[in-house]
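To start, the structure itself, in C-alpha coordinates.
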Amino acid sequence: MNRNIKAYAKRFAPLLAMLVFPVLGMMYAAVNRVDGRVWNLVTPLDRAVPFIKWFALPYSVWIVFIYVCLLYFFVKDVRTFYRGVITYTLCALLCYLVYSVFQTTVPRPQLSGSDPFTRLVAYIYNRDQPFNCFPSIHCFSSYMVFRILAGSSFKTRRSLTLVGIGSGLIILSTQFIKQHVVLDLAAAIMLVELALPVVVLAERWFAGELSVSRRSKSTTLSS
(Lines give C-alpha, C1' and ligand atoms only; values in the text may rest on other atoms or scores of the structure.)
Protein backbone atom coordinates (compact mmCIF):
# COMPACT_ATOMS: atom_id res chain seq x y z
CA MET A 1 0.00 0.00 0.00
CA ASN A 2 2.86 2.38 0.83
CA ARG A 3 4.31 1.59 -2.57
CA ASN A 4 1.03 2.61 -4.22
CA ILE A 5 0.91 5.86 -2.25
CA LYS A 6 4.46 6.68 -3.28
CA ALA A 7 3.65 5.88 -6.89
CA TYR A 8 0.58 8.16 -6.85
CA ALA A 9 2.55 10.91 -5.10
CA LYS A 10 5.28 10.71 -7.72
CA ARG A 11 2.73 10.67 -10.55
CA PHE A 12 0.81 13.73 -9.38
CA ALA A 13 3.65 15.72 -7.80
CA PRO A 14 4.11 17.85 -10.96
CA LEU A 15 0.66 19.35 -10.33
CA LEU A 16 2.19 21.21 -7.40
CA ALA A 17 3.67 23.52 -10.03
CA MET A 18 0.20 25.02 -10.39
CA LEU A 19 0.56 26.55 -6.94
CA VAL A 20 2.39 29.33 -8.75
CA PHE A 21 -0.97 30.67 -9.96
CA PRO A 22 -2.18 32.04 -6.58
CA VAL A 23 1.21 33.74 -6.17
CA LEU A 24 0.92 35.30 -9.63
CA GLY A 25 -2.60 36.40 -8.75
CA MET A 26 -1.34 38.32 -5.73
CA MET A 27 1.37 39.92 -7.85
CA TYR A 28 -1.26 40.94 -10.40
CA ALA A 29 -3.32 42.64 -7.72
CA ALA A 30 -0.25 44.53 -6.51
CA VAL A 31 0.30 46.19 -9.91
CA ASN A 32 -3.37 46.65 -10.79
CA ARG A 33 -3.40 50.30 -9.85
CA VAL A 34 -2.30 53.74 -11.04
CA ASP A 35 0.77 55.44 -9.59
CA GLY A 36 1.41 57.92 -12.37
CA ARG A 37 0.48 58.54 -15.97
CA VAL A 38 -1.96 56.15 -17.64
CA TRP A 39 -1.82 55.56 -21.39
CA ASN A 40 -4.75 55.04 -23.73
CA LEU A 41 -3.98 52.80 -26.74
CA VAL A 42 -7.40 52.96 -28.40
CA THR A 43 -7.20 53.09 -32.20
CA PRO A 44 -9.86 53.77 -34.87
CA LEU A 45 -10.12 50.00 -35.31
CA ASP A 46 -11.04 49.61 -31.66
CA ARG A 47 -13.72 52.26 -32.00
CA ALA A 48 -15.18 50.30 -34.91
CA VAL A 49 -15.40 47.08 -32.87
CA PRO A 50 -18.96 46.75 -31.50
CA PHE A 51 -19.80 45.99 -27.90
CA ILE A 52 -21.32 42.49 -27.73
CA LYS A 53 -22.33 41.65 -24.20
CA TRP A 54 -22.74 37.88 -24.58
CA PHE A 55 -18.97 37.61 -25.05
CA ALA A 56 -18.81 38.12 -21.29
CA LEU A 57 -19.47 34.39 -21.00
CA PRO A 58 -16.26 33.12 -22.68
CA TYR A 59 -14.34 35.94 -20.98
CA SER A 60 -15.50 34.81 -17.53
CA VAL A 61 -14.53 31.13 -18.01
CA TRP A 62 -10.99 32.03 -19.09
CA ILE A 63 -9.03 30.74 -16.08
CA VAL A 64 -11.03 27.50 -15.96
CA PHE A 65 -10.24 26.99 -19.63
CA ILE A 66 -6.52 27.53 -19.03
CA TYR A 67 -6.50 25.12 -16.08
CA VAL A 68 -8.35 22.46 -18.09
CA CYS A 69 -5.84 22.79 -20.94
CA LEU A 70 -2.89 22.49 -18.55
CA LEU A 71 -4.43 19.43 -16.91
CA TYR A 72 -4.94 17.93 -20.36
CA PHE A 73 -1.25 18.53 -21.07
CA PHE A 74 -0.40 16.86 -17.75
CA VAL A 75 -2.40 13.75 -18.65
CA LYS A 76 -0.85 13.53 -22.11
CA ASP A 77 2.75 14.58 -21.45
CA VAL A 78 4.25 15.98 -18.23
CA ARG A 79 6.98 17.77 -20.15
CA THR A 80 4.37 19.71 -22.13
CA PHE A 81 2.56 20.49 -18.88
CA TYR A 82 5.71 22.01 -17.41
CA ARG A 83 6.25 23.93 -20.64
CA GLY A 84 2.80 25.46 -20.27
CA VAL A 85 3.22 26.42 -16.61
CA ILE A 86 6.70 27.87 -17.12
CA THR A 87 5.71 29.81 -20.26
CA TYR A 88 2.65 31.21 -18.49
CA THR A 89 4.75 32.24 -15.50
CA LEU A 90 7.41 33.91 -17.64
CA CYS A 91 4.84 35.77 -19.73
CA ALA A 92 2.90 36.86 -16.64
CA LEU A 93 6.04 38.21 -14.95
CA LEU A 94 6.95 40.13 -18.10
CA CYS A 95 3.41 41.55 -18.18
CA TYR A 96 3.71 42.69 -14.57
CA LEU A 97 6.99 44.37 -15.38
CA VAL A 98 5.34 46.27 -18.24
CA TYR A 99 2.35 47.19 -16.07
CA SER A 100 4.64 48.65 -13.41
CA VAL A 101 6.31 51.06 -15.85
CA PHE A 102 3.73 51.47 -18.64
CA GLN A 103 0.21 51.36 -17.25
CA THR A 104 -2.63 51.53 -19.77
CA THR A 105 -6.39 51.72 -19.53
CA VAL A 106 -9.38 50.98 -21.75
CA PRO A 107 -12.50 53.20 -21.77
CA ARG A 108 -15.59 51.18 -20.93
CA PRO A 109 -19.08 51.70 -22.35
CA GLN A 110 -22.00 52.79 -20.23
CA LEU A 111 -24.06 49.71 -19.40
CA SER A 112 -27.84 49.66 -19.53
CA GLY A 113 -30.29 46.87 -18.87
CA SER A 114 -30.63 44.12 -16.29
CA ASP A 115 -30.42 40.99 -18.43
CA PRO A 116 -27.96 38.23 -17.37
CA PHE A 117 -25.26 39.16 -19.86
CA THR A 118 -25.32 42.85 -18.95
CA ARG A 119 -25.11 41.93 -15.27
CA LEU A 120 -22.20 39.59 -16.03
CA VAL A 121 -20.35 42.40 -17.83
CA ALA A 122 -21.06 44.69 -14.87
CA TYR A 123 -19.64 42.06 -12.52
CA ILE A 124 -16.50 41.75 -14.66
CA TYR A 125 -16.06 45.53 -14.75
CA ASN A 126 -16.52 45.76 -11.00
CA ARG A 127 -14.17 42.89 -10.23
CA ASP A 128 -11.38 43.84 -12.64
CA GLN A 129 -10.06 47.40 -12.68
CA PRO A 130 -9.55 48.91 -16.18
CA PHE A 131 -5.76 48.69 -15.89
CA ASN A 132 -3.10 46.01 -16.51
CA CYS A 133 -4.15 45.91 -20.16
CA PHE A 134 -1.01 45.86 -22.32
CA PRO A 135 -0.23 43.01 -22.99
CA SER A 136 -3.46 41.13 -22.31
CA ILE A 137 -3.11 38.18 -19.94
CA HIS A 138 -6.36 36.68 -21.22
CA CYS A 139 -5.01 36.84 -24.77
CA PHE A 140 -1.48 35.60 -24.16
CA SER A 141 -2.58 32.62 -22.06
CA SER A 142 -5.33 31.60 -24.48
CA TYR A 143 -3.00 31.85 -27.45
CA MET A 144 -0.27 30.06 -25.46
CA VAL A 145 -2.26 26.88 -24.78
CA PHE A 146 -3.26 26.62 -28.44
CA ARG A 147 0.30 27.28 -29.58
CA ILE A 148 1.73 24.65 -27.23
CA LEU A 149 -0.90 22.10 -28.22
CA ALA A 150 -0.25 22.73 -31.91
CA GLY A 151 3.45 21.96 -31.38
CA SER A 152 2.83 18.83 -29.30
CA SER A 153 3.15 15.20 -30.35
CA PHE A 154 -0.30 14.27 -28.99
CA LYS A 155 -2.42 16.84 -30.81
CA THR A 156 -5.43 15.64 -32.72
CA ARG A 157 -7.81 17.36 -35.06
CA ARG A 158 -10.49 17.28 -32.37
CA SER A 159 -8.27 18.70 -29.61
CA LEU A 160 -6.93 21.44 -31.87
CA THR A 161 -10.47 22.36 -32.91
CA LEU A 162 -11.80 22.48 -29.35
CA VAL A 163 -8.86 24.42 -27.93
CA GLY A 164 -8.76 26.66 -30.99
CA ILE A 165 -12.44 27.56 -30.62
CA GLY A 166 -12.07 28.14 -26.88
CA SER A 167 -8.96 30.26 -27.27
CA GLY A 168 -10.47 32.20 -30.15
CA LEU A 169 -13.66 33.01 -28.27
CA ILE A 170 -11.76 34.20 -25.20
CA ILE A 171 -9.44 36.37 -27.30
CA LEU A 172 -12.40 37.86 -29.17
CA SER A 173 -14.23 38.43 -25.89
CA THR A 174 -11.50 40.79 -24.70
CA GLN A 175 -12.30 43.01 -27.66
CA PHE A 176 -16.09 42.73 -27.77
CA ILE A 177 -16.71 43.50 -24.09
CA LYS A 178 -14.17 46.33 -24.28
CA GLN A 179 -11.71 44.98 -21.74
CA HIS A 180 -8.75 45.27 -24.13
CA VAL A 181 -7.75 46.93 -27.37
CA VAL A 182 -6.16 45.49 -30.49
CA LEU A 183 -2.65 46.47 -29.43
CA ASP A 184 -3.11 44.53 -26.19
CA LEU A 185 -3.94 41.46 -28.25
CA ALA A 186 -1.04 41.94 -30.67
CA ALA A 187 1.43 42.41 -27.81
CA ALA A 188 0.13 39.25 -26.13
CA ILE A 189 0.74 37.12 -29.22
CA MET A 190 4.18 38.64 -29.70
CA LEU A 191 4.99 37.93 -26.06
CA VAL A 192 4.21 34.22 -26.47
CA GLU A 193 6.18 34.03 -29.71
CA LEU A 194 9.20 35.47 -27.89
CA ALA A 195 8.86 33.57 -24.61
CA LEU A 196 7.92 30.09 -25.82
CA PRO A 197 11.09 29.49 -27.88
CA VAL A 198 13.19 30.57 -24.88
CA VAL A 199 11.36 28.10 -22.64
CA VAL A 200 11.75 25.29 -25.19
CA LEU A 201 15.45 26.05 -25.59
CA ALA A 202 15.97 26.07 -21.81
CA GLU A 203 13.97 22.85 -21.54
CA ARG A 204 16.20 21.13 -24.09
CA TRP A 205 19.32 22.45 -22.39
CA PHE A 206 18.27 21.14 -18.97
CA ALA A 207 17.34 17.81 -20.54
CA GLY A 208 20.80 17.58 -22.08
CA GLU A 209 19.48 17.48 -25.61
CA LEU A 210 21.52 20.43 -26.80
CA SER A 211 24.81 18.95 -25.64
CA VAL A 212 23.93 15.60 -27.21
CA SER A 213 23.05 17.35 -30.45
CA ARG A 214 26.30 19.28 -30.48
CA ARG A 215 28.33 16.13 -29.75
CA SER A 216 26.67 14.33 -32.62
CA LYS A 217 27.40 17.24 -34.95
CA SER A 218 31.05 17.32 -33.81
CA THR A 219 31.34 13.58 -34.44
CA THR A 220 29.83 13.97 -37.88
CA LEU A 221 32.20 16.82 -38.81
CA SER A 222 35.30 15.02 -37.50
CA SER A 223 34.45 11.88 -39.44
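FYI, nothing fancy with the C-alpha coordinates labels: chains A, B, ... in order, residues from 1 per chain, ligands from 1 as they appear.
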
Check your understanding: Ser159 of chain A: which residues within 10 Å, counting only C-alpha atoms, same-chain residues fewer than 4 positions away excluded, as a PyMOL selection string?
Key -> chain A and resi 69+72+146+149-150+154-155+163-165

Residue selection dump (all heavy atoms) as a PDB file, in the first residue's frame:
```
ATOM      1  N   CYS A  69      -6.853  23.062 -19.910  1.00  0.00           N
ATOM      2  CA  CYS A  69      -5.839  22.794 -20.935  1.00  0.00           C
ATOM      3  C   CYS A  69      -4.544  22.292 -20.305  1.00  0.00           C
ATOM      4  O   CYS A  69      -3.927  21.328 -20.793  1.00  0.00           O
ATOM      5  CB  CYS A  69      -5.567  24.055 -21.755  1.00  0.00           C
ATOM      6  SG  CYS A  69      -6.901  24.518 -22.877  1.00  0.00           S
ATOM      7  N   TYR A  72      -4.967  18.806 -19.180  1.00  0.00           N
ATOM      8  CA  TYR A  72      -4.935  17.934 -20.359  1.00  0.00           C
ATOM      9  C   TYR A  72      -3.488  17.676 -20.773  1.00  0.00           C
ATOM     10  O   TYR A  72      -3.119  16.533 -21.088  1.00  0.00           O
ATOM     11  CB  TYR A  72      -5.720  18.579 -21.494  1.00  0.00           C
ATOM     12  CG  TYR A  72      -5.686  17.801 -22.788  1.00  0.00           C
ATOM     13  CD1 TYR A  72      -6.344  16.580 -22.906  1.00  0.00           C
ATOM     14  CD2 TYR A  72      -5.007  18.301 -23.897  1.00  0.00           C
ATOM     15  CE1 TYR A  72      -6.319  15.865 -24.096  1.00  0.00           C
ATOM     16  CE2 TYR A  72      -4.979  17.592 -25.095  1.00  0.00           C
ATOM     17  CZ  TYR A  72      -5.628  16.379 -25.188  1.00  0.00           C
ATOM     18  OH  TYR A  72      -5.604  15.669 -26.358  1.00  0.00           O
ATOM     19  N   PHE A 146      -3.063  27.107 -27.075  1.00  0.00           N
ATOM     20  CA  PHE A 146      -3.263  26.621 -28.444  1.00  0.00           C
ATOM     21  C   PHE A 146      -1.924  26.419 -29.142  1.00  0.00           C
ATOM     22  O   PHE A 146      -1.708  25.410 -29.817  1.00  0.00           O
ATOM     23  CB  PHE A 146      -4.118  27.593 -29.247  1.00  0.00           C
ATOM     24  CG  PHE A 146      -4.304  27.161 -30.684  1.00  0.00           C
ATOM     25  CD1 PHE A 146      -5.205  26.157 -30.996  1.00  0.00           C
ATOM     26  CD2 PHE A 146      -3.570  27.744 -31.698  1.00  0.00           C
ATOM     27  CE1 PHE A 146      -5.362  25.728 -32.315  1.00  0.00           C
ATOM     28  CE2 PHE A 146      -3.721  27.335 -33.021  1.00  0.00           C
ATOM     29  CZ  PHE A 146      -4.628  26.321 -33.325  1.00  0.00           C
ATOM     30  N   LEU A 149      -0.222  23.295 -27.731  1.00  0.00           N
ATOM     31  CA  LEU A 149      -0.895  22.095 -28.222  1.00  0.00           C
ATOM     32  C   LEU A 149      -0.548  21.833 -29.683  1.00  0.00           C
ATOM     33  O   LEU A 149      -0.268  20.687 -30.069  1.00  0.00           O
ATOM     34  CB  LEU A 149      -2.407  22.235 -28.061  1.00  0.00           C
ATOM     35  CG  LEU A 149      -3.239  21.085 -28.626  1.00  0.00           C
ATOM     36  CD1 LEU A 149      -2.920  19.783 -27.897  1.00  0.00           C
ATOM     37  CD2 LEU A 149      -4.730  21.402 -28.533  1.00  0.00           C
ATOM     38  N   ALA A 150      -0.542  22.889 -30.485  1.00  0.00           N
ATOM     39  CA  ALA A 150      -0.248  22.732 -31.912  1.00  0.00           C
ATOM     40  C   ALA A 150       1.150  22.180 -32.146  1.00  0.00           C
ATOM     41  O   ALA A 150       1.398  21.503 -33.155  1.00  0.00           O
ATOM     42  CB  ALA A 150      -0.405  24.076 -32.623  1.00  0.00           C
ATOM     43  N   PHE A 154       0.969  14.948 -29.266  1.00  0.00           N
ATOM     44  CA  PHE A 154      -0.297  14.273 -28.990  1.00  0.00           C
ATOM     45  C   PHE A 154      -1.509  15.038 -29.520  1.00  0.00           C
ATOM     46  O   PHE A 154      -2.637  14.673 -29.227  1.00  0.00           O
ATOM     47  CB  PHE A 154      -0.455  14.047 -27.480  1.00  0.00           C
ATOM     48  CG  PHE A 154      -0.321  15.292 -26.642  1.00  0.00           C
ATOM     49  CD1 PHE A 154      -1.383  16.164 -26.459  1.00  0.00           C
ATOM     50  CD2 PHE A 154       0.893  15.603 -26.044  1.00  0.00           C
ATOM     51  CE1 PHE A 154      -1.257  17.309 -25.693  1.00  0.00           C
ATOM     52  CE2 PHE A 154       1.031  16.741 -25.270  1.00  0.00           C
ATOM     53  CZ  PHE A 154      -0.048  17.594 -25.091  1.00  0.00           C
ATOM     54  N   LYS A 155      -1.289  16.076 -30.273  1.00  0.00           N
ATOM     55  CA  LYS A 155      -2.416  16.844 -30.806  1.00  0.00           C
ATOM     56  C   LYS A 155      -3.243  15.988 -31.758  1.00  0.00           C
ATOM     57  O   LYS A 155      -2.737  15.106 -32.445  1.00  0.00           O
ATOM     58  CB  LYS A 155      -1.912  18.100 -31.527  1.00  0.00           C
ATOM     59  CG  LYS A 155      -1.083  17.818 -32.768  1.00  0.00           C
ATOM     60  CD  LYS A 155      -0.651  19.115 -33.431  1.00  0.00           C
ATOM     61  CE  LYS A 155       0.191  18.858 -34.679  1.00  0.00           C
ATOM     62  NZ  LYS A 155       1.506  18.266 -34.359  1.00  0.00           N
ATOM     63  N   VAL A 163      -9.692  23.401 -28.569  1.00  0.00           N
ATOM     64  CA  VAL A 163      -8.861  24.420 -27.928  1.00  0.00           C
ATOM     65  C   VAL A 163      -8.813  25.675 -28.783  1.00  0.00           C
ATOM     66  O   VAL A 163      -8.828  26.798 -28.258  1.00  0.00           O
ATOM     67  CB  VAL A 163      -7.448  23.880 -27.656  1.00  0.00           C
ATOM     68  CG1 VAL A 163      -6.540  24.983 -27.120  1.00  0.00           C
ATOM     69  CG2 VAL A 163      -7.509  22.730 -26.655  1.00  0.00           C
ATOM     70  N   GLY A 164      -8.779  25.506 -30.095  1.00  0.00           N
ATOM     71  CA  GLY A 164      -8.765  26.664 -30.985  1.00  0.00           C
ATOM     72  C   GLY A 164     -10.019  27.501 -30.858  1.00  0.00           C
ATOM     73  O   GLY A 164      -9.962  28.734 -30.808  1.00  0.00           O
ATOM     74  N   ILE A 165     -11.177  26.832 -30.786  1.00  0.00           N
ATOM     75  CA  ILE A 165     -12.439  27.559 -30.620  1.00  0.00           C
ATOM     76  C   ILE A 165     -12.475  28.258 -29.260  1.00  0.00           C
ATOM     77  O   ILE A 165     -12.842  29.438 -29.157  1.00  0.00           O
ATOM     78  CB  ILE A 165     -13.639  26.604 -30.765  1.00  0.00           C
ATOM     79  CG1 ILE A 165     -13.765  26.132 -32.214  1.00  0.00           C
ATOM     80  CG2 ILE A 165     -14.934  27.287 -30.315  1.00  0.00           C
ATOM     81  CD1 ILE A 165     -14.810  25.067 -32.430  1.00  0.00           C
TER      82      ILE A 165
END
```

For the contact check between segment 73-179 of chain A and segment 38-42 of chain A, emit one row per residue of segment 73-179 of chain A within 12 Å, containing the shortest atom pair and the distance in Å rounded to one decimal, counting only C-alpha atoms, chain then rising number order, as a Markdown table.
```
| residue | atom | partner | partner_atom | distance |
| --- | --- | --- | --- | --- |
| A:Tyr99 | CA | A:Val38 | CA | 10.1 |
| A:Ser100 | CA | A:Val38 | CA | 10.9 |
| A:Val101 | CA | A:Val38 | CA | 9.9 |
| A:Phe102 | CA | A:Trp39 | CA | 7.4 |
| A:Gln103 | CA | A:Val38 | CA | 5.3 |
| A:Thr104 | CA | A:Trp39 | CA | 4.4 |
| A:Thr105 | CA | A:Asn40 | CA | 5.6 |
| A:Val106 | CA | A:Asn40 | CA | 6.5 |
| A:Pro107 | CA | A:Asn40 | CA | 8.2 |
| A:Arg108 | CA | A:Val42 | CA | 11.2 |
| A:Pro130 | CA | A:Val38 | CA | 10.6 |
| A:Phe131 | CA | A:Val38 | CA | 8.6 |
| A:Asn132 | CA | A:Val38 | CA | 10.3 |
| A:Cys133 | CA | A:Leu41 | CA | 9.5 |
| A:Phe134 | CA | A:Leu41 | CA | 8.7 |
| A:Pro135 | CA | A:Leu41 | CA | 11.1 |
| A:Gln175 | CA | A:Val42 | CA | 11.1 |
| A:Lys178 | CA | A:Val42 | CA | 10.3 |
| A:Gln179 | CA | A:Val42 | CA | 11.3 |
```

Check your understanding: For Arg204 of chain A, which of A:Thr174, A:Arg83, A:Arg158, A:Ala92 is the closest residue, counting only C-alpha atoms?
Key ->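 For Arg204 of chain A, the nearest of the given residues is A:Arg83.
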
Exercise for review: May I have the residues within 12 Å of Tyr143 of chain A as an NGL selection string, using only C-alpha atoms and disregarding those fewer than 6 positions away in the same chain?
Suggested key: :A and (62 or 65-66 or 69 or 84 or 87-88 or 91 or 136-137 or 149-150 or 160 or 163-172 or 185-193 or 196)

Check your understanding: Hey, which of A:Val78, A:Ile177, A:Val61, A:Leu71 ends up closest to Thr118 of chain A? Count only C-alpha atoms.
Key ->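 Looking at the shortest contact to Thr118 of chain A, the residue is A:Ile177.
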
Review point. What does the distance from atom CA of Thr161 of chain A to atom CA of Met144 of chain A come to in Å, to one decimal?
Key: 14.8 Å

**Study point:** Closest of A:Asn4, A:Asn32, A:Ser60, A:Thr89 to Ala195 of chain A - atom-to-atom distances counting only C-alpha atoms
**Key:**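 Of the candidates, the smallest distance to Ala195 of chain A is held by A:Thr89.
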
Review point. Can you list, as a ChimeraX atom specification, every residue of segment 68-110 of chain A that DSSP puts in helix (DSSP H, G or I)?
Key: /A:68-76,78-101

Point to revise | Atom pair atom CA of Trp205 of chain A / atom CA of Arg147 of chain A: separation (Å) | key: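 The value is 20.9 Å.
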
Revision key, fill the gap. Separating atom CA of Val182 of chain A from atom CA of Pro116 of chain A, to the nearest tenth of an Å, is a gap of 26.5 Å

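When only C-alpha atoms are used to compute distances to Ile124 of chain A, the closest of the residues A:Tyr82, A:Leu162, A:Pro58, A:Val98 turns out to be A:Pro58.
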
Exercise for review: Within 7 Å of Phe55 of chain A, counting only C-alpha atoms, which residues show up once you throw out same-chain ones fewer than 2 positions away? Write them as an MDAnalysis selection string, please.
Suggested key: chainID A and resid 52:53 57:59 173 176:177

Practice item. Return the single residue from A:Phe206, A:Phe51, A:Phe21, A:Phe81 that is closest to Gln110 of chain A, with distances computed using only C-alpha atoms. Key: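 Under the stated criterion, the closest residue is A:Phe51.
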